[in-house]
>>> print(open('structure38.pdb').read())   # PDB, C-alpha atoms
MODEL        1
ATOM      1  CA  MET A 397       0.000   0.000   0.000
ATOM      2  CA  ASN A 398       1.144   3.511  -0.795
ATOM      3  CA  ARG A 399       3.027   5.042   2.137
ATOM      4  CA  ASN A 400       1.461   8.451   1.569
ATOM      5  CA  ILE A 401      -2.024   6.973   1.786
ATOM      6  CA  VAL A 402      -1.089   5.265   5.053
ATOM      7  CA  GLU A 403       0.077   8.599   6.452
ATOM      8  CA  ILE A 404      -3.093  10.332   5.252
ATOM      9  CA  ILE A 405      -5.269   7.671   6.914
ATOM     10  CA  ASP A 406      -3.231   7.944  10.102
ATOM     11  CA  ALA A 407      -3.632  11.725  10.060
ATOM     12  CA  LEU A 408      -7.373  11.435   9.516
ATOM     13  CA  THR A 409      -7.574   8.864  12.311
ATOM     14  CA  ALA A 410      -5.919  11.253  14.722
ATOM     15  CA  HIS A 411      -7.978  14.181  13.473
ATOM     16  CA  GLN A 412     -10.711  15.421  15.824
ATOM     17  CA  ASP A 413     -12.798  16.892  13.029
ATOM     18  CA  SER A 414     -15.879  14.755  12.367
ATOM     19  CA  ASP A 415     -15.456  15.429   8.685
ATOM     20  CA  SER A 416     -12.447  13.081   8.763
ATOM     21  CA  ILE A 417     -14.893  10.172   9.158
ATOM     22  CA  ARG A 418     -16.669  11.194   5.981
ATOM     23  CA  VAL A 419     -13.353  11.288   4.083
ATOM     24  CA  LEU A 420     -12.346   7.913   5.463
ATOM     25  CA  GLU A 421     -15.682   6.424   4.450
ATOM     26  CA  GLU A 422     -15.790   7.947   1.002
ATOM     27  CA  LEU A 423     -12.172   7.370  -0.039
ATOM     28  CA  GLY A 424     -11.115   4.500   2.240
ATOM     29  CA  THR A 425     -13.972   2.056   2.618
ATOM     30  CA  ASN A 426     -14.963   2.485  -1.011
ATOM     31  CA  SER A 427     -11.430   1.823  -2.278
ATOM     32  CA  PRO A 428     -10.991  -1.112  -4.662
ATOM     33  CA  ASP A 429      -7.771  -2.007  -2.818
ATOM     34  CA  ASN A 430      -8.331  -4.523  -0.018
ATOM     35  CA  ASP A 431      -5.381  -3.157   1.938
ATOM     36  CA  VAL A 432      -6.779   0.364   1.851
ATOM     37  CA  ARG A 433     -10.213  -0.819   2.917
ATOM     38  CA  GLU A 434      -8.748  -2.910   5.717
ATOM     39  CA  TYR A 435      -6.525  -0.107   7.003
ATOM     40  CA  THR A 436      -9.387   2.395   6.793
ATOM     41  CA  SER A 437     -11.819   0.118   8.666
ATOM     42  CA  ARG A 438      -9.306  -0.365  11.460
ATOM     43  CA  ALA A 439      -8.795   3.400  11.570
ATOM     44  CA  LEU A 440     -12.525   3.990  11.918
ATOM     45  CA  VAL A 441     -12.698   1.460  14.764
ATOM     46  CA  LYS A 442      -9.734   3.121  16.483
ATOM     47  CA  LYS A 443     -11.542   6.420  16.465
ATOM     48  CA  ASN A 444     -14.158   4.654  18.657
ATOM     49  CA  VAL A 445     -16.899   7.184  18.147
ATOM     50  CA  HIS A 446     -20.508   6.566  17.188
ATOM     51  CA  ASP A 447     -20.272   7.787  13.612
ATOM     52  CA  SER A 448     -17.059   5.906  12.795
ATOM     53  CA  LEU A 449     -18.215   2.637  14.399
ATOM     54  CA  LYS A 450     -21.540   2.885  12.643
ATOM     55  CA  VAL A 451     -19.751   2.954   9.262
ATOM     56  CA  VAL A 452     -18.033  -0.401   9.833
ATOM     57  CA  ILE A 453     -20.975  -2.155  11.531
ATOM     58  CA  ILE A 454     -24.260  -1.272   9.818
ATOM     59  CA  ASN A 455     -23.183  -0.668   6.209
ATOM     60  CA  GLN A 456     -23.419  -3.526   3.746
ATOM     61  CA  GLY A 457     -20.018  -4.335   2.186
ATOM     62  CA  LYS A 458     -17.989  -2.284   4.684
ATOM     63  CA  GLY A 459     -16.103  -3.173   7.861
ATOM     64  CA  ILE A 460     -17.386  -6.396   9.384
ATOM     65  CA  ASN A 461     -19.710  -6.836   6.374
ATOM     66  CA  ASP A 462     -16.948  -6.525   3.772
ATOM     67  CA  LEU A 463     -16.867  -9.195   1.099
ATOM     68  CA  SER A 464     -13.151  -9.675   1.753
ATOM     69  CA  PRO A 465     -12.691 -12.001   4.752
ATOM     70  CA  SER A 466      -9.384 -10.369   5.602
ATOM     71  CA  VAL A 467     -11.002  -6.948   5.815
ATOM     72  CA  ALA A 468     -13.919  -8.260   7.913
ATOM     73  CA  MET A 469     -11.685 -10.238  10.286
ATOM     74  CA  SER A 470      -9.260  -7.337  10.717
ATOM     75  CA  THR A 471     -12.146  -5.064  11.588
ATOM     76  CA  ILE A 472     -13.538  -7.582  14.099
ATOM     77  CA  ASN A 473     -10.094  -8.007  15.675
ATOM     78  CA  GLU A 474      -9.781  -4.252  16.009
ATOM     79  CA  ILE A 475     -13.206  -4.103  17.656
ATOM     80  CA  LEU A 476     -12.211  -6.866  20.061
ATOM     81  CA  ALA A 477      -9.030  -4.952  20.883
ATOM     82  CA  LEU A 478     -10.884  -1.814  21.978
ATOM     83  CA  LYS A 479     -10.526  -0.899  25.625
ATOM     84  CA  ASP A 480     -13.819   0.892  25.775
ATOM     85  CA  LYS A 481     -16.393  -1.329  24.116
ATOM     86  CA  GLY A 482     -19.500   0.457  25.354
ATOM     87  CA  GLU A 483     -20.262   2.346  22.151
ATOM     88  CA  VAL A 484     -19.633  -0.714  19.986
ATOM     89  CA  ILE A 485     -22.034  -2.840  22.028
ATOM     90  CA  ARG A 486     -24.747  -0.223  21.762
ATOM     91  CA  ILE A 487     -24.414   0.004  18.006
ATOM     92  CA  LEU A 488     -24.371  -3.797  17.702
ATOM     93  CA  ASP A 489     -27.523  -4.076  19.757
ATOM     94  CA  ASP A 490     -29.272  -1.459  17.642
ATOM     95  CA  THR A 491     -28.171  -3.241  14.480
ATOM     96  CA  ILE A 492     -29.348  -6.635  15.720
ATOM     97  CA  ASN A 493     -32.685  -5.213  16.723
ATOM     98  CA  MET A 494     -33.455  -2.701  14.039
ATOM     99  CA  HIS A 495     -31.446  -3.316  10.855
ATOM    100  CA  SER A 496     -33.426  -4.344   7.790
ATOM    101  CA  ASP A 497     -30.715  -6.578   6.235
ATOM    102  CA  GLU A 498     -30.589 -10.025   7.798
ATOM    103  CA  THR A 499     -26.969 -10.616   6.831
ATOM    104  CA  VAL A 500     -25.865  -7.438   8.577
ATOM    105  CA  LYS A 501     -27.890  -8.438  11.640
ATOM    106  CA  GLU A 502     -26.276 -11.904  11.639
ATOM    107  CA  ASN A 503     -22.765 -10.441  11.408
ATOM    108  CA  ALA A 504     -23.526  -8.027  14.228
ATOM    109  CA  ARG A 505     -24.813 -10.916  16.319
ATOM    110  CA  SER A 506     -21.644 -12.894  15.718
ATOM    111  CA  VAL A 507     -19.419  -9.973  16.678
ATOM    112  CA  LYS A 508     -21.413  -9.401  19.829
ATOM    113  CA  SER A 509     -20.984 -13.063  20.733
ATOM    114  CA  LEU A 510     -17.245 -12.746  20.230
ATOM    115  CA  LEU A 511     -17.248  -9.653  22.461
ATOM    116  CA  ALA A 512     -19.086 -11.573  25.152
ATOM    117  CA  LEU A 513     -16.522 -14.403  24.962
ATOM    118  CA  SER A 514     -13.515 -12.116  24.973
TER
ATOM    119  CA  MET B 871      33.545 -90.834 -99.499
ATOM    120  CA  ALA B 872      35.123 -94.237 -99.396
ATOM    121  CA  LYS B 873      38.512 -92.562 -99.601
ATOM    122  CA  ILE B 874      37.858 -90.538 -96.541
ATOM    123  CA  ILE B 875      36.704 -93.529 -94.553
ATOM    124  CA  LYS B 876      39.771 -95.426 -95.658
ATOM    125  CA  VAL B 877      42.256 -92.711 -94.903
ATOM    126  CA  ALA B 878      40.871 -91.531 -91.630
ATOM    127  CA  PRO B 879      41.920 -94.443 -89.362
ATOM    128  CA  ALA B 880      45.448 -94.370 -90.762
ATOM    129  CA  THR B 881      46.147 -90.629 -90.417
ATOM    130  CA  HIS B 882      44.349 -89.852 -87.167
ATOM    131  CA  THR B 883      46.246 -91.165 -84.178
ATOM    132  CA  PRO B 884      44.415 -91.230 -80.849
ATOM    133  CA  SER B 885      46.504 -88.304 -79.571
ATOM    134  CA  VAL B 886      45.491 -85.955 -82.350
ATOM    135  CA  ALA B 887      42.176 -87.404 -83.414
ATOM    136  CA  ASN B 888      40.181 -85.766 -80.589
ATOM    137  CA  PRO B 889      39.396 -82.222 -81.709
ATOM    138  CA  PHE B 890      37.910 -81.390 -78.236
ATOM    139  CA  ARG B 891      41.076 -82.006 -76.310
ATOM    140  CA  THR B 892      41.889 -78.950 -74.279
ATOM    141  CA  SER B 893      45.491 -79.589 -73.359
ATOM    142  CA  ARG B 894      47.708 -76.651 -74.189
ATOM    143  CA  ASN B 895      50.697 -78.774 -75.132
ATOM    144  CA  SER B 896      48.815 -80.819 -77.634
ATOM    145  CA  THR B 897      48.812 -78.131 -80.301
ATOM    146  CA  THR B 898      49.457 -74.489 -80.876
ATOM    147  CA  ASN B 899      47.065 -73.977 -83.731
ATOM    148  CA  PRO B 900      43.409 -74.168 -82.826
ATOM    149  CA  PHE B 901      42.490 -74.298 -86.500
ATOM    150  CA  LYS B 902      44.951 -76.996 -87.311
ATOM    151  CA  TYR B 903      42.380 -79.729 -87.465
ATOM    152  CA  SER B 904      39.493 -77.692 -88.642
ATOM    153  CA  ASN B 905      38.159 -78.921 -91.860
ATOM    154  CA  PHE B 906      37.449 -76.204 -94.368
ATOM    155  CA  GLU B 907      35.542 -78.083 -97.028
ATOM    156  CA  GLY B 908      37.829 -81.008 -96.727
ATOM    157  CA  ASN B 909      41.109 -79.028 -96.785
ATOM    158  CA  THR B 910      43.363 -78.794 -93.827
ATOM    159  CA  LEU B 911      45.085 -75.502 -93.199
ATOM    160  CA  GLN B 912      48.582 -75.487 -94.555
ATOM    161  CA  PHE B 913      50.052 -73.024 -92.083
ATOM    162  CA  ALA B 914      49.735 -75.175 -89.031
ATOM    163  CA  ASP B 915      52.273 -73.444 -86.758
ATOM    164  CA  VAL B 916      51.682 -69.888 -87.824
ATOM    165  CA  PHE B 917      51.131 -68.709 -84.192
ATOM    166  CA  GLU B 918      54.027 -70.568 -82.695
ATOM    167  CA  GLY B 919      56.377 -67.578 -82.754
ATOM    168  CA  PHE B 920      53.984 -65.479 -80.651
ATOM    169  CA  GLU B 921      54.034 -67.712 -77.608
ATOM    170  CA  PRO B 922      54.872 -65.519 -74.514
ATOM    171  CA  LYS B 923      58.248 -66.186 -73.105
ATOM    172  CA  LYS B 924      58.721 -66.887 -69.404
ATOM    173  CA  VAL B 925      60.343 -63.898 -67.671
ATOM    174  CA  ASN B 926      62.872 -64.283 -64.892
ATOM    175  CA  LYS B 927      61.857 -61.702 -62.259
ATOM    176  CA  LEU B 928      65.071 -61.955 -60.324
ATOM    177  CA  LYS B 929      66.941 -61.094 -63.446
ATOM    178  CA  MET B 930      64.757 -58.044 -64.001
ATOM    179  CA  ILE B 931      65.335 -56.757 -60.471
ATOM    180  CA  ALA B 932      69.069 -57.248 -60.785
ATOM    181  CA  SER B 933      69.150 -55.345 -64.028
ATOM    182  CA  SER B 934      67.136 -52.449 -62.555
ATOM    183  CA  VAL B 935      69.457 -52.215 -59.582
ATOM    184  CA  ALA B 936      72.450 -52.177 -61.798
ATOM    185  CA  GLY B 937      70.879 -49.367 -63.823
ATOM    186  CA  SER B 938      70.209 -47.324 -60.754
ATOM    187  CA  MET B 939      73.755 -47.729 -59.552
ATOM    188  CA  ASN B 940      75.077 -46.612 -62.873
ATOM    189  CA  LYS B 941      72.819 -43.568 -62.685
ATOM    190  CA  ILE B 942      74.047 -42.680 -59.177
ATOM    191  CA  LYS B 943      77.570 -43.152 -60.249
ATOM    192  CA  SER B 944      77.117 -40.792 -63.116
ATOM    193  CA  SER B 945      75.561 -38.153 -60.828
ATOM    194  CA  ILE B 946      78.480 -38.151 -58.386
ATOM    195  CA  THR B 947      81.007 -35.773 -59.765
ATOM    196  CA  GLU B 948      83.502 -36.282 -56.971
ATOM    197  CA  PRO B 949      85.173 -39.563 -56.144
ATOM    198  CA  ILE B 950      84.050 -40.862 -52.778
ATOM    199  CA  ALA B 951      87.591 -41.204 -51.488
ATOM    200  CA  GLN B 952      88.303 -37.590 -52.275
ATOM    201  CA  PHE B 953      85.080 -36.520 -50.515
ATOM    202  CA  VAL B 954      85.950 -38.434 -47.349
ATOM    203  CA  GLY B 955      89.374 -36.960 -47.312
ATOM    204  CA  ARG B 956      88.071 -33.472 -47.667
ATOM    205  CA  VAL B 957      85.657 -33.878 -44.733
ATOM    206  CA  ARG B 958      88.361 -35.373 -42.573
ATOM    207  CA  SER B 959      90.716 -32.513 -43.298
ATOM    208  CA  GLY B 960      87.975 -30.003 -42.495
ATOM    209  CA  ILE B 961      87.324 -31.564 -39.128
ATOM    210  CA  SER B 962      90.952 -31.629 -38.254
ATOM    211  CA  SER B 963      91.414 -28.010 -39.235
ATOM    212  CA  ALA B 964      88.425 -27.014 -37.089
ATOM    213  CA  TRP B 965      89.875 -28.917 -34.198
ATOM    214  CA  ASP B 966      93.238 -27.210 -34.651
ATOM    215  CA  TYR B 967      91.497 -23.838 -34.800
ATOM    216  CA  ALA B 968      89.583 -24.460 -31.593
ATOM    217  CA  LYS B 969      92.640 -25.765 -29.850
ATOM    218  CA  ASN B 970      94.951 -22.933 -30.767
ATOM    219  CA  THR B 971      92.588 -19.954 -30.610
ATOM    220  CA  ASN B 972      91.887 -17.919 -27.449
ATOM    221  CA  ILE B 973      88.166 -17.526 -26.848
ATOM    222  CA  SER B 974      88.491 -13.839 -26.224
ATOM    223  CA  ASP B 975      89.922 -13.417 -29.701
ATOM    224  CA  ILE B 976      86.723 -14.547 -31.353
ATOM    225  CA  GLY B 977      85.003 -11.648 -33.073
ATOM    226  CA  ALA B 978      81.563 -12.148 -31.577
ATOM    227  CA  VAL B 979      82.983 -12.491 -28.074
ATOM    228  CA  LYS B 980      84.971  -9.306 -28.575
ATOM    229  CA  ALA B 981      81.816  -7.450 -29.622
ATOM    230  CA  ILE B 982      79.940  -8.707 -26.558
ATOM    231  CA  ASN B 983      82.753  -7.646 -24.266
ATOM    232  CA  ASN B 984      82.775  -4.203 -25.793
ATOM    233  CA  ILE B 985      79.024  -3.826 -25.270
ATOM    234  CA  MET B 986      79.217  -4.992 -21.675
ATOM    235  CA  ASN B 987      82.050  -2.618 -20.814
ATOM    236  CA  THR B 988      80.536   0.436 -22.463
ATOM    237  CA  PRO B 989      78.150   2.549 -20.294
ATOM    238  CA  ILE B 990      74.748   3.013 -21.892
ATOM    239  CA  GLU B 991      74.007   6.614 -22.657
ATOM    240  CA  ILE B 992      70.767   7.040 -24.561
ATOM    241  CA  PRO B 993      69.434  10.586 -24.916
ATOM    242  CA  ALA B 994      65.884   9.254 -25.197
ATOM    243  CA  ILE B 995      65.956   8.025 -21.602
ATOM    244  CA  SER B 996      66.556  11.488 -20.228
ATOM    245  CA  ALA B 997      63.750  12.744 -22.466
ATOM    246  CA  ILE B 998      61.426  10.105 -21.067
ATOM    247  CA  GLY B 999      62.392  11.146 -17.550
ATOM    248  CA  ASN B1000      61.532  14.732 -18.337
ATOM    249  CA  SER B1001      58.221  13.649 -19.827
ATOM    250  CA  ILE B1002      57.401  11.600 -16.734
ATOM    251  CA  SER B1003      58.174  14.501 -14.424
ATOM    252  CA  GLY B1004      55.984  16.764 -16.556
ATOM    253  CA  MET B1005      53.232  14.167 -16.508
ATOM    254  CA  LYS B1006      53.517  14.000 -12.734
ATOM    255  CA  GLU B1007      52.971  17.741 -12.474
ATOM    256  CA  LYS B1008      50.010  17.525 -14.825
ATOM    257  CA  ILE B1009      48.471  14.682 -12.840
ATOM    258  CA  ALA B1010      48.978  16.581  -9.606
ATOM    259  CA  SER B1011      47.346  19.674 -11.015
ATOM    260  CA  GLY B1012      44.515  17.528 -12.439
ATOM    261  CA  ILE B1013      43.921  15.846  -9.112
ATOM    262  CA  GLY B1014      43.863  19.241  -7.442
ATOM    263  CA  SER B1015      41.248  20.487  -9.869
ATOM    264  CA  ILE B1016      39.227  17.296  -9.395
ATOM    265  CA  GLY B1017      39.398  17.821  -5.654
ATOM    266  CA  HIS B1018      38.081  21.336  -6.071
ATOM    267  CA  ASN B1019      35.324  20.058  -8.330
ATOM    268  CA  ILE B1020      34.388  17.290  -5.882
ATOM    269  CA  LEU B1021      34.229  19.785  -3.040
ATOM    270  CA  GLY B1022      32.009  22.018  -5.125
ATOM    271  CA  LEU B1023      29.859  19.053  -6.110
ATOM    272  CA  GLY B1024      29.569  18.016  -2.465
ATOM    273  CA  ASP B1025      28.458  21.511  -1.481
ATOM    274  CA  ASP B1026      25.903  21.507  -4.276
ATOM    275  CA  ILE B1027      24.534  18.108  -3.242
ATOM    276  CA  ASN B1028      24.400  19.211   0.374
ATOM    277  CA  GLN B1029      22.427  22.320  -0.547
ATOM    278  CA  ARG B1030      20.017  20.368  -2.746
ATOM    279  CA  TRP B1031      19.560  17.684  -0.081
ATOM    280  CA  SER B1032      18.815  20.330   2.512
ATOM    281  CA  MET B1033      16.230  21.809   0.179
ATOM    282  CA  VAL B1034      14.622  18.389  -0.336
ATOM    283  CA  VAL B1035      14.547  17.685   3.415
ATOM    284  CA  SER B1036      13.089  21.085   4.249
ATOM    285  CA  ARG B1037      10.480  20.672   1.543
ATOM    286  CA  PHE B1038       9.669  17.175   2.768
ATOM    287  CA  ASN B1039       9.340  18.438   6.347
ATOM    288  CA  SER B1040       7.120  21.273   5.257
ATOM    289  CA  ASP B1041       4.920  18.899   3.229
ATOM    290  CA  LYS B1042       4.884  16.084   5.817
ATOM    291  CA  ILE B1043       1.445  14.568   6.260
ATOM    292  CA  SER B1044       0.171  14.984   9.779
ATOM    293  CA  SER B1045      -3.028  15.530  11.714
ATOM    294  CA  ASP B1046      -2.111  19.201  11.852
ATOM    295  CA  MET B1047      -3.271  19.491   8.274
ATOM    296  CA  SER B1048      -6.911  20.186   7.679
ATOM    297  CA  VAL B1049      -9.270  17.407   6.592
ATOM    298  CA  SER B1050      -9.792  19.093   3.259
ATOM    299  CA  GLU B1051      -6.025  19.161   2.657
ATOM    300  CA  LEU B1052      -5.735  15.504   3.600
ATOM    301  CA  GLU B1053      -8.656  14.698   1.346
ATOM    302  CA  GLY B1054      -6.983  16.575  -1.509
ATOM    303  CA  LEU B1055      -3.724  14.741  -0.960
ATOM    304  CA  TRP B1056      -5.501  11.401  -0.879
ATOM    305  CA  LYS B1057      -7.353  12.131  -4.095
ATOM    306  CA  ALA B1058      -4.083  13.208  -5.681
ATOM    307  CA  GLU B1059      -2.465   9.933  -4.615
ATOM    308  CA  ILE B1060      -5.368   7.961  -6.030
ATOM    309  CA  ALA B1061      -5.103   9.872  -9.297
ATOM    310  CA  ALA B1062      -1.347   9.320  -9.415
ATOM    311  CA  CYS B1063      -1.756   5.607  -8.728
ATOM    312  CA  GLU B1064      -4.428   5.269 -11.413
ATOM    313  CA  ALA B1065      -2.226   7.152 -13.895
ATOM    314  CA  GLY B1066       0.686   4.840 -13.060
ATOM    315  CA  GLY B1067      -1.467   1.729 -13.339
ATOM    316  CA  ASN B1068      -1.123   1.007  -9.619
ATOM    317  CA  ILE B1069      -4.073   1.490  -7.357
TER
ENDMDL
END
>>> encode(input="structure38.pdb", output="C-alpha cells")
Amino acid sequence: MNRNIVEIIDALTAHQDSDSIRVLEELGTNSPDNDVREYTSRALVKKNVHDSLKVVIINQGKGINDLSPSVAMSTINEILALKDKGEVIRILDDTINMHSDETVKENARSVKSLLALS
Amino acid sequence: MAKIIKVAPATHTPSVANPFRTSRNSTTNPFKYSNFEGNTLQFADVFEGFEPKKVNKLKMIASSVAGSMNKIKSSITEPIAQFVGRVRSGISSAWDYAKNTNISDIGAVKAINNIMNTPIEIPAISAIGNSISGMKEKIASGIGSIGHNILGLGDDINQRWSMVVSRFNSDKISSDMSVSELEGLWKAEIAACEAGGNI
C-alpha cells in the first residue's frame, strides 16, 4: 500500500474533526484495494466514536460486512481490541434489533458473541 | 567318301584325333584340325612364334638395380675417397682452430665484451624522464582540480539535499493538516496511482 495513503489515513484517524470520518468512508472504505479498505476500517474502529463505528458495523459491504474475509476479520479483531467497548455494544444491539438486512444483523450478532466471549 | 573312310583311321592317331582335347601342349594352332571343305590348313604353326616367353623376375630386379647404380655413379662428380678426405681434413682443421685460438679473440665475443664494458648513454631516456616529471605535475594539477570540483559538487549536493529535506518536512502529512487538505492529498495519490497503473 502507498506510504502516503497510510500517512493520510493515520492523520485522519488522529484528526478530531468529524469530517475526517466522511473522508475515510468515502475514499477508504470504497477503495478497490483490499489493503486500503482494511486499514481504513481499522482506523474507523480506532476512532471509537458513534459515527465511525456505525460505518463499519451497519453498512453492507464495509467493515465487518466486507466481502473480503481479511477486511472483515481485521475489523472484528480491532473491535475486540478496543478498551472501551461500550459504544460498539450499543451500536451492535441497535443493528441486531433494528437493521433491515438479515446478513448485517447476523454479522452483528456474531461480533457481539465474540465480544461476550472475549 | 570311301577314300575318306579309308584314310581316316590311318592318319588320325588317338593323340590328335580328338578335336575337343583342351590340353595346351597338344597343339598351338586351334584351326589346325578344322576342316574347311575337306582341306586342312597349310600353315599349321603360324602362331608358334607369338608364344609368350617366361620372364625371370630376379633377373629383371638385378638389371634395374644395376641401372640405378650406374645412374648414381654418373651423378656423383667427386670420387668418394676424395670426398671423405676433404671432410676429414675439415674436421681436423676445425679442431686445430679451436685448440689454438683464445676464446676472447673470437670476433663475436669481442663485440659482446665491448658492449658490456661500455656505459649506456641514450638521450631518449633522459627525455622520457623529463616527460614523466611533466606528466607528474600535470596529474597533480589535475587531481587538485578534481578535488576542487568534488568539493564544489559536495556543497551543491548538500544544498540540494537540505532543500529536499526542508520541503519534505514542510509537506509532511500529519493531523495538523486540515481534513480538506488531507482529502486533496488522498485524491491526488489515487489519481497518481491510477495514472501509473497502480491502485
>>> atom_distance(input="structure38.pdb", atom1="CA of Met397 in chain A", atom2="CA of Gly424 in chain A")
12.2 Å
>>> residues_around(input="structure38.pdb", residues="range 441-450 of chain A", least_positions_apart="3", cutoff="7 Å", atoms="all atoms listed in the file", output="list in words")
Thr409, Ile417, Ser437, Arg438, Ile453, Ile454, Glu474, Ile475, Glu483, Val484 and Ile487 of chain A
>>> resolve_selection(input="structure38.pdb", expression="the ChimeraX specification (/B :<9) & /A", output="list in words")
Met397, Asn398, Asn400, Ile401, Glu403, Ile404, Ile405, Asp406, Ala407, Leu408, Thr409, Ala410, His411, Gln412, Asp413, Asp415, Ser416, Val419, Leu420, Leu423, Ser427, Pro428 and Asp429 of chain A
>>> write_last_selection(input="structure38.pdb", atoms="C-alpha atoms", output="PDB file, in the coordinates of the input")
ATOM      1  CA  MET A 397       0.000   0.000   0.000  1.00  0.00           C
ATOM      2  CA  ASN A 398       1.144   3.511  -0.795  1.00  0.00           C
ATOM      3  CA  ASN A 400       1.461   8.451   1.569  1.00  0.00           C
ATOM      4  CA  ILE A 401      -2.024   6.973   1.786  1.00  0.00           C
ATOM      5  CA  GLU A 403       0.077   8.599   6.452  1.00  0.00           C
ATOM      6  CA  ILE A 404      -3.093  10.332   5.252  1.00  0.00           C
ATOM      7  CA  ILE A 405      -5.269   7.671   6.914  1.00  0.00           C
ATOM      8  CA  ASP A 406      -3.231   7.944  10.102  1.00  0.00           C
ATOM      9  CA  ALA A 407      -3.632  11.725  10.060  1.00  0.00           C
ATOM     10  CA  LEU A 408      -7.373  11.435   9.516  1.00  0.00           C
ATOM     11  CA  THR A 409      -7.574   8.864  12.311  1.00  0.00           C
ATOM     12  CA  ALA A 410      -5.919  11.253  14.722  1.00  0.00           C
ATOM     13  CA  HIS A 411      -7.978  14.181  13.473  1.00  0.00           C
ATOM     14  CA  GLN A 412     -10.711  15.421  15.824  1.00  0.00           C
ATOM     15  CA  ASP A 413     -12.798  16.892  13.029  1.00  0.00           C
ATOM     16  CA  ASP A 415     -15.456  15.429   8.685  1.00  0.00           C
ATOM     17  CA  SER A 416     -12.447  13.081   8.763  1.00  0.00           C
ATOM     18  CA  VAL A 419     -13.353  11.288   4.083  1.00  0.00           C
ATOM     19  CA  LEU A 420     -12.346   7.913   5.463  1.00  0.00           C
ATOM     20  CA  LEU A 423     -12.172   7.370  -0.039  1.00  0.00           C
ATOM     21  CA  SER A 427     -11.430   1.823  -2.278  1.00  0.00           C
ATOM     22  CA  PRO A 428     -10.991  -1.112  -4.662  1.00  0.00           C
ATOM     23  CA  ASP A 429      -7.771  -2.007  -2.818  1.00  0.00           C
TER      24      ASP A 429
END
>>> atom_distance(input="structure38.pdb", atom1="CA of Ile492 in chain A", atom2="CA of Lys508 in chain A")
9.4 Å
>>> residues_around(input="structure38.pdb", residues="range 493-499 of chain A", least_positions_apart="4", cutoff="9 Å", atoms="all atoms listed in the file", output="PyMOL selection string")
chain A and resi 454+456+461+488-489+503-504
>>> write_last_selection(input="structure38.pdb", atoms="C-alpha atoms", output="mmCIF file, in the frame of the given file")
data_model
loop_
_atom_site.group_PDB
_atom_site.id
_atom_site.type_symbol
_atom_site.label_atom_id
_atom_site.label_comp_id
_atom_site.auth_asym_id
_atom_site.auth_seq_id
_atom_site.Cartn_x
_atom_site.Cartn_y
_atom_site.Cartn_z
ATOM 1 C CA ILE A 454 -24.260 -1.272 9.818
ATOM 2 C CA GLN A 456 -23.419 -3.526 3.746
ATOM 3 C CA ASN A 461 -19.710 -6.836 6.374
ATOM 4 C CA LEU A 488 -24.371 -3.797 17.702
ATOM 5 C CA ASP A 489 -27.523 -4.076 19.757
ATOM 6 C CA ASN A 503 -22.765 -10.441 11.408
ATOM 7 C CA ALA A 504 -23.526 -8.027 14.228
#
>>> atom_distance(input="structure38.pdb", atom1="CA of Ser959 in chain B", atom2="CA of Asp975 in chain B")
23.5 Å
>>> residues_near_point(input="structure38.pdb", point="(-18.0, -8.9, 25.5)", cutoff="12 Å", atoms="only C-alpha atoms", output="list in words")
Ile475, Leu476, Ala477, Leu478, Lys479, Asp480, Lys481, Gly482, Glu483, Val484, Ile485, Arg486, Leu488, Arg505, Ser506, Val507, Lys508, Ser509, Leu510, Leu511, Ala512, Leu513 and Ser514 of chain A
